[in-house]
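Engineer: The structure's right below; bear with me while I get my questions together.
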Amino acid sequence: MLLQDHAARAAEARGEAVALAMGDERLAYAELETLSDRLAAQLADRGVARGDRVGLLIPKRPSAIVAMHAVLKAGAAYVPLDAESPPQRLARIVSAAEPSMLLAVPEAAGRLEGLAGELALPPVGSVEADRIVGADGAPLGVFARGDWDSPAAVAPGVRVDPSEPAHLLFTSGSTGAPKGVVITHAMVLAFVDWAVREFGTKPSDRISGHPPLHFDLSTFDIYATFAAGAELHLVPPSLSVDPRALARFIRERELTQWFSVPSVLTYMAKFDAVEQDDFPALERLLWCGEVLPTPVLCHWMRKLPHVRFTNLYGPTEATIASSHHTLPSIPADETLPVPIGVACDGEELLVLDERLAPVPPGEIGDLYIAGVGLSPGYWRDEEKTRAAFLPDPRTPGGEGRIYRTGDLARVDDDGVVHFLGRADSQIKSRGYRIELGEIESALNAVAGVRECAIVGVDAGGFEGTAICAAYVGSDGLGPPQLRGALASALPSYMLPARWLALDVLPKNQNGKIDRPALRERFVAQQAEQAAARAARAGGRERSR
Ligand code: AMP
């Protein structure tokens, strides 16, 4: 079984059933099959072969999913690229992935042309609109080594082994360069199998596709929907900033499953976008990727008593999610975080000490994951792979491996796991996984910056973690210039929200940057600004 087989089976069983919906566009399973077969043939004709990678610079829309299936059918692995990423970061990812071909929508193709020389992938033509449907019917640009030949009509049907890569997902890297996580067919299939069983996913389901396609959570939406022969409703990114529009989307599409990062749920709760007993068709609400504040969860559970609420936990390196916790009832104590629960089938969550021995129940330790979800490692990075994927200490000399998540956790007396935060400088902001080190490297590279440090500060309430930058810079170098310079290197969600210019950064006894002290400075700055705002508001009130 390979990932693309789910859609193929659904097409055989119910070809006319809707597989994908976005805006007014609908794509039936039979169409998804025909279009992806045709594109796969073109890719194969062009020399894309087993073991290759194909970069996809196609925003979230049905044609992006067609392209993913086509790449898999050609025996290659796809690399979904974030069209919002600045060209410099994009170029880094593309150079690391070394795709034999890039498929890009016209808007993005324009940006790539500037980079094409550097990437040794000259633009060679376009796939015609009738061969791969886009919401706007626009042809896809093709960047490849050599010429684009005339396309064949028959899908090549290359059958790779399930242990071979299906896609590479690039996440933020602490040393500045994004890391490519290798995801195999078998890893995703194992999670999808478990999820379809656990949630009872069925052909009549109408499932949300909220996360961007370069984020691993989206692979759950896509492949679990197709495994059940259900409908995937891709949420237009433009709705993500409008909580009421998102609520309308769930209502009008009569979604039965919603899956997103918690910040979306928090945002919708903040704007009170959900009515009492709203979304009568909704059966399940799932979240993953960061902590959902318990008061927000309680708000949702009170509004939607007919819905099942499940917390999923896991890193990209272990595929979508590795553990789950379904709430038995509305939490009685809103100050207690929700557990991340117990392992999904075929996976294990281990809480270990620094000698890799299990810590007793109730004690804090490092969280490791073992089992079917584990990636073979980081793309062409032996060193990082060895540092994060360790031999399983329970089977010395064996083939077993465990993945060091960088998370802290404890197991309670019932064997349920509780998440206690990070042991390093990785943060989540609006659901995005961000290594503060990547921002620090980019800021250090700006001319005139002598020293800098990036810290995450809990902004409290709905804002989540704020990215804060402290720097020592040459005269005249202020936040507007620094922000401008960073914007050409980093996506907007990585740009610092707060700045602090210093003569020297505080250091600890070892001469290292004293990050806890810096965090305190930002917390104090936040308090001062809040007090000043309150005083100004008070002054306006009195002068009325
Ligand atoms: P990503 O690779 O983007 O999925 O990020 C993985 C990291 O997100 C984990 O190592 C955790 O730090 C965090 N994370 C994922 N799911 C949850 C969850 N349900 N609760 C708390 N943190 C989570």
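We label chains A, B, ... in the order they appear in the structure tokens, count residues from 1 in each chain, and number ligands from 1 in the order shown.
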Quick one: residues within 6 Å of Ala489 in chain A, only C-alpha atoms counted, chain neighbours fewer than 2 positions away excluded, as a list in words?
Structural biologist: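 Returned residues: Pro86, Gln88, Arg89, Leu486 and Ala487 of chain A.
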Engineer: Could the residues in this selection be saved with all heavy atoms as a PDB file, in the first residue's frame?
Structural biologist:
ATOM      1  N   PRO A  86      10.293  34.200   2.032  1.00  0.00           N
ATOM      2  CA  PRO A  86      11.118  35.075   1.197  1.00  0.00           C
ATOM      3  C   PRO A  86      12.009  34.241   0.269  1.00  0.00           C
ATOM      4  O   PRO A  86      12.409  33.131   0.634  1.00  0.00           O
ATOM      5  CB  PRO A  86      11.961  35.851   2.198  1.00  0.00           C
ATOM      6  CG  PRO A  86      11.470  35.512   3.537  1.00  0.00           C
ATOM      7  CD  PRO A  86      10.564  34.335   3.457  1.00  0.00           C
ATOM      8  N   GLN A  88      15.062  34.186  -0.449  1.00  0.00           N
ATOM      9  CA  GLN A  88      16.331  33.703   0.106  1.00  0.00           C
ATOM     10  C   GLN A  88      16.152  32.370   0.854  1.00  0.00           C
ATOM     11  O   GLN A  88      16.923  31.430   0.686  1.00  0.00           O
ATOM     12  CB  GLN A  88      16.797  34.760   1.091  1.00  0.00           C
ATOM     13  CG  GLN A  88      18.262  34.767   1.406  1.00  0.00           C
ATOM     14  CD  GLN A  88      18.539  35.880   2.433  1.00  0.00           C
ATOM     15  OE1 GLN A  88      17.958  36.974   2.379  1.00  0.00           O
ATOM     16  NE2 GLN A  88      19.404  35.588   3.373  1.00  0.00           N
ATOM     17  N   ARG A  89      15.078  32.286   1.650  1.00  0.00           N
ATOM     18  CA  ARG A  89      14.826  31.060   2.437  1.00  0.00           C
ATOM     19  C   ARG A  89      14.381  29.936   1.508  1.00  0.00           C
ATOM     20  O   ARG A  89      14.786  28.782   1.651  1.00  0.00           O
ATOM     21  CB  ARG A  89      13.777  31.344   3.502  1.00  0.00           C
ATOM     22  CG  ARG A  89      13.631  30.236   4.531  1.00  0.00           C
ATOM     23  CD  ARG A  89      12.850  30.716   5.730  1.00  0.00           C
ATOM     24  NE  ARG A  89      12.937  29.797   6.860  1.00  0.00           N
ATOM     25  CZ  ARG A  89      12.037  28.853   7.108  1.00  0.00           C
ATOM     26  NH1 ARG A  89      11.004  28.692   6.307  1.00  0.00           N
ATOM     27  NH2 ARG A  89      12.175  28.062   8.154  1.00  0.00           N
ATOM     28  N   LEU A 486      15.274  41.720   8.146  1.00  0.00           N
ATOM     29  CA  LEU A 486      14.875  40.335   8.456  1.00  0.00           C
ATOM     30  C   LEU A 486      13.774  39.835   7.531  1.00  0.00           C
ATOM     31  O   LEU A 486      13.700  38.645   7.216  1.00  0.00           O
ATOM     32  CB  LEU A 486      14.381  40.228   9.907  1.00  0.00           C
ATOM     33  CG  LEU A 486      15.421  40.165  11.005  1.00  0.00           C
ATOM     34  CD1 LEU A 486      14.757  39.844  12.332  1.00  0.00           C
ATOM     35  CD2 LEU A 486      16.479  39.107  10.695  1.00  0.00           C
ATOM     36  N   ALA A 487      12.911  40.771   7.093  1.00  0.00           N
ATOM     37  CA  ALA A 487      11.778  40.373   6.248  1.00  0.00           C
ATOM     38  C   ALA A 487      12.247  39.761   4.934  1.00  0.00           C
ATOM     39  O   ALA A 487      11.511  39.019   4.296  1.00  0.00           O
ATOM     40  CB  ALA A 487      10.872  41.566   5.992  1.00  0.00           C
TER      41      ALA A 487
END
Engineer: Identify, on the basis of only C-alpha atoms, every residue whose closest approach to Val338 in chain A does not exceed 9 Å; exclude the query and any residue fewer than 6 positions from it along the same chain; express the result as a PDB file with N, CA, C and O atoms, in the first residue's frame.
Structural biologist:
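For reference, part_11.pdb as written:
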ATOM      1  N   VAL A 291      -0.046  23.950  22.878  1.00  0.00           N
ATOM      2  CA  VAL A 291      -0.997  23.803  23.983  1.00  0.00           C
ATOM      3  C   VAL A 291      -2.268  24.597  23.676  1.00  0.00           C
ATOM      4  O   VAL A 291      -2.193  25.756  23.265  1.00  0.00           O
ATOM      5  N   LEU A 292      -3.414  23.962  23.860  1.00  0.00           N
ATOM      6  CA  LEU A 292      -4.682  24.698  23.789  1.00  0.00           C
ATOM      7  C   LEU A 292      -5.020  25.111  25.229  1.00  0.00           C
ATOM      8  O   LEU A 292      -5.202  24.237  26.090  1.00  0.00           O
ATOM      9  N   PRO A 293      -5.072  26.419  25.507  1.00  0.00           N
ATOM     10  CA  PRO A 293      -5.357  26.817  26.893  1.00  0.00           C
ATOM     11  C   PRO A 293      -6.691  26.214  27.358  1.00  0.00           C
ATOM     12  O   PRO A 293      -7.685  26.248  26.624  1.00  0.00           O
ATOM     13  N   THR A 294      -6.689  25.668  28.574  1.00  0.00           N
ATOM     14  CA  THR A 294      -7.890  24.973  29.068  1.00  0.00           C
ATOM     15  C   THR A 294      -9.134  25.880  29.088  1.00  0.00           C
ATOM     16  O   THR A 294     -10.219  25.412  28.735  1.00  0.00           O
ATOM     17  N   ASN A 311      -7.200  16.107  21.832  1.00  0.00           N
ATOM     18  CA  ASN A 311      -5.874  16.727  21.756  1.00  0.00           C
ATOM     19  C   ASN A 311      -4.922  15.712  21.120  1.00  0.00           C
ATOM     20  O   ASN A 311      -4.805  14.587  21.596  1.00  0.00           O
ATOM     21  N   HIS A 325      -5.578  12.421  23.313  1.00  0.00           N
ATOM     22  CA  HIS A 325      -6.367  12.444  24.544  1.00  0.00           C
ATOM     23  C   HIS A 325      -7.733  13.029  24.219  1.00  0.00           C
ATOM     24  O   HIS A 325      -7.840  14.196  23.825  1.00  0.00           O
ATOM     25  N   LEU A 327     -11.290  14.293  25.526  1.00  0.00           N
ATOM     26  CA  LEU A 327     -11.814  14.782  26.802  1.00  0.00           C
ATOM     27  C   LEU A 327     -13.073  13.999  27.184  1.00  0.00           C
ATOM     28  O   LEU A 327     -14.026  13.959  26.402  1.00  0.00           O
ATOM     29  N   PRO A 331     -13.413  19.968  31.452  1.00  0.00           N
ATOM     30  CA  PRO A 331     -12.521  19.957  32.617  1.00  0.00           C
ATOM     31  C   PRO A 331     -13.103  20.783  33.764  1.00  0.00           C
ATOM     32  O   PRO A 331     -13.602  21.901  33.549  1.00  0.00           O
ATOM     33  N   HIS A 418       1.706  13.985  30.368  1.00  0.00           N
ATOM     34  CA  HIS A 418       1.410  15.420  30.462  1.00  0.00           C
ATOM     35  C   HIS A 418       2.591  16.198  29.889  1.00  0.00           C
ATOM     36  O   HIS A 418       3.742  15.936  30.241  1.00  0.00           O
ATOM     37  N   PHE A 419       2.299  17.175  29.030  1.00  0.00           N
ATOM     38  CA  PHE A 419       3.324  18.005  28.381  1.00  0.00           C
ATOM     39  C   PHE A 419       3.679  19.159  29.311  1.00  0.00           C
ATOM     40  O   PHE A 419       2.795  19.823  29.849  1.00  0.00           O
TER      41      PHE A 419
END
Engineer: Using only C-alpha atoms, which residues sit within 7 Å of range 468-477 of chain A once same-chain residues fewer than 4 positions away are excluded, as a ChimeraX atom specification?
Structural biologist: /A:448-457,481,496-504
Engineer: Find the residues around Leu374 in chain A up to 10 Å (only C-alpha atoms counted), leave out those fewer than 3 positions away in its own chain, and share them as a list of chain:residue names.
Structural biologist: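 What passes the distance filter is A:Val182, A:Ile183, A:Thr184, A:Ala186, A:Met187, A:Val188, A:Pro315, A:Thr316, A:Glu317, A:Ala318, A:Thr319, A:Ser322, A:Glu347, A:Ile369, A:Ala370, A:Gly371, A:Gly377, A:Phe389, A:Arg401, A:Ile402, A:Tyr403.
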Engineer: Take the residues from that selection and write them out as a short mmCIF file (atom, residue, chain, number, x, y, z; two decimals), in the first residue's frame, keeping N, CA and C atoms.
Structural biologist:
data_model
loop_
_atom_site.label_atom_id
_atom_site.label_comp_id
_atom_site.auth_asym_id
_atom_site.auth_seq_id
_atom_site.Cartn_x
_atom_site.Cartn_y
_atom_site.Cartn_z
N VAL A 182 12.49 13.72 6.47
CA VAL A 182 12.10 12.73 5.45
C VAL A 182 10.86 11.98 5.96
N ILE A 183 9.79 12.02 5.18
CA ILE A 183 8.55 11.33 5.58
C ILE A 183 8.28 10.22 4.56
N THR A 184 8.17 9.00 5.04
CA THR A 184 7.95 7.87 4.13
C THR A 184 6.44 7.58 3.99
N ALA A 186 5.08 4.69 4.56
CA ALA A 186 4.66 3.83 5.67
C ALA A 186 4.35 4.64 6.93
N MET A 187 5.13 5.71 7.16
CA MET A 187 4.91 6.53 8.36
C MET A 187 3.52 7.15 8.34
N VAL A 188 3.15 7.73 7.21
CA VAL A 188 1.84 8.41 7.14
C VAL A 188 0.71 7.38 7.14
N PRO A 315 5.60 15.62 17.04
CA PRO A 315 6.43 16.40 16.14
C PRO A 315 6.41 15.85 14.71
N THR A 316 6.79 16.69 13.76
CA THR A 316 6.89 16.28 12.36
C THR A 316 7.76 15.03 12.22
N GLU A 317 8.83 14.94 13.01
CA GLU A 317 9.78 13.83 12.91
C GLU A 317 9.14 12.49 13.24
N ALA A 318 7.96 12.51 13.90
CA ALA A 318 7.28 11.25 14.22
C ALA A 318 5.92 11.20 13.53
N THR A 319 5.73 12.04 12.52
CA THR A 319 4.53 12.02 11.66
C THR A 319 3.24 12.47 12.34
N SER A 322 1.59 11.54 17.70
CA SER A 322 2.01 10.27 18.29
C SER A 322 1.16 9.89 19.49
N GLU A 347 2.94 3.25 18.36
CA GLU A 347 3.89 4.27 18.84
C GLU A 347 4.07 4.12 20.34
N ILE A 369 10.07 9.48 21.60
CA ILE A 369 9.03 8.72 20.89
C ILE A 369 9.69 7.55 20.17
N ALA A 370 9.03 6.39 20.22
CA ALA A 370 9.51 5.22 19.47
C ALA A 370 8.34 4.69 18.64
N GLY A 371 8.65 3.90 17.62
CA GLY A 371 7.57 3.23 16.90
C GLY A 371 7.46 3.58 15.42
N GLY A 377 15.09 10.18 9.29
CA GLY A 377 16.00 11.24 9.76
C GLY A 377 15.89 12.50 8.93
N PHE A 389 17.92 11.14 16.74
CA PHE A 389 17.38 9.77 16.67
C PHE A 389 18.43 8.84 17.29
N ARG A 401 14.90 2.52 17.44
CA ARG A 401 15.39 3.89 17.62
C ARG A 401 14.37 4.66 18.45
N ILE A 402 14.86 5.71 19.10
CA ILE A 402 13.94 6.62 19.81
C ILE A 402 14.27 8.03 19.34
N TYR A 403 13.24 8.88 19.30
CA TYR A 403 13.44 10.27 18.85
C TYR A 403 13.33 11.21 20.04
#
Engineer: Please, which residues have at least one atom within 10 Å of an atom of ligand 1, using only C-alpha atoms and all ligand atoms, listed as a ChimeraX atom specification?
Structural biologist: /A:169-172,181,215-217,261-262,286-293,310-325,337-341,367-368,404-408,418-424,426-428,431-434
Engineer: In range 177-319 of chain A, what's strand (DSSP E or B) per DSSP? Answer as a list in words?
Structural biologist: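 Answer for range 177-319 of chain A restricted to strand (DSSP E or B) is Lys179, Gly180, Val181, Val182, Ile183, Thr184, Arg206, Ile207, Ser208, Gly209, Glu231, Leu232, His233, Leu234, Gln257, Trp258, Phe259, Ser260, Arg284, Leu285, Leu286, Trp287, Arg308, Phe309, Thr310, Asn311, Leu312 and Tyr313 of chain A.
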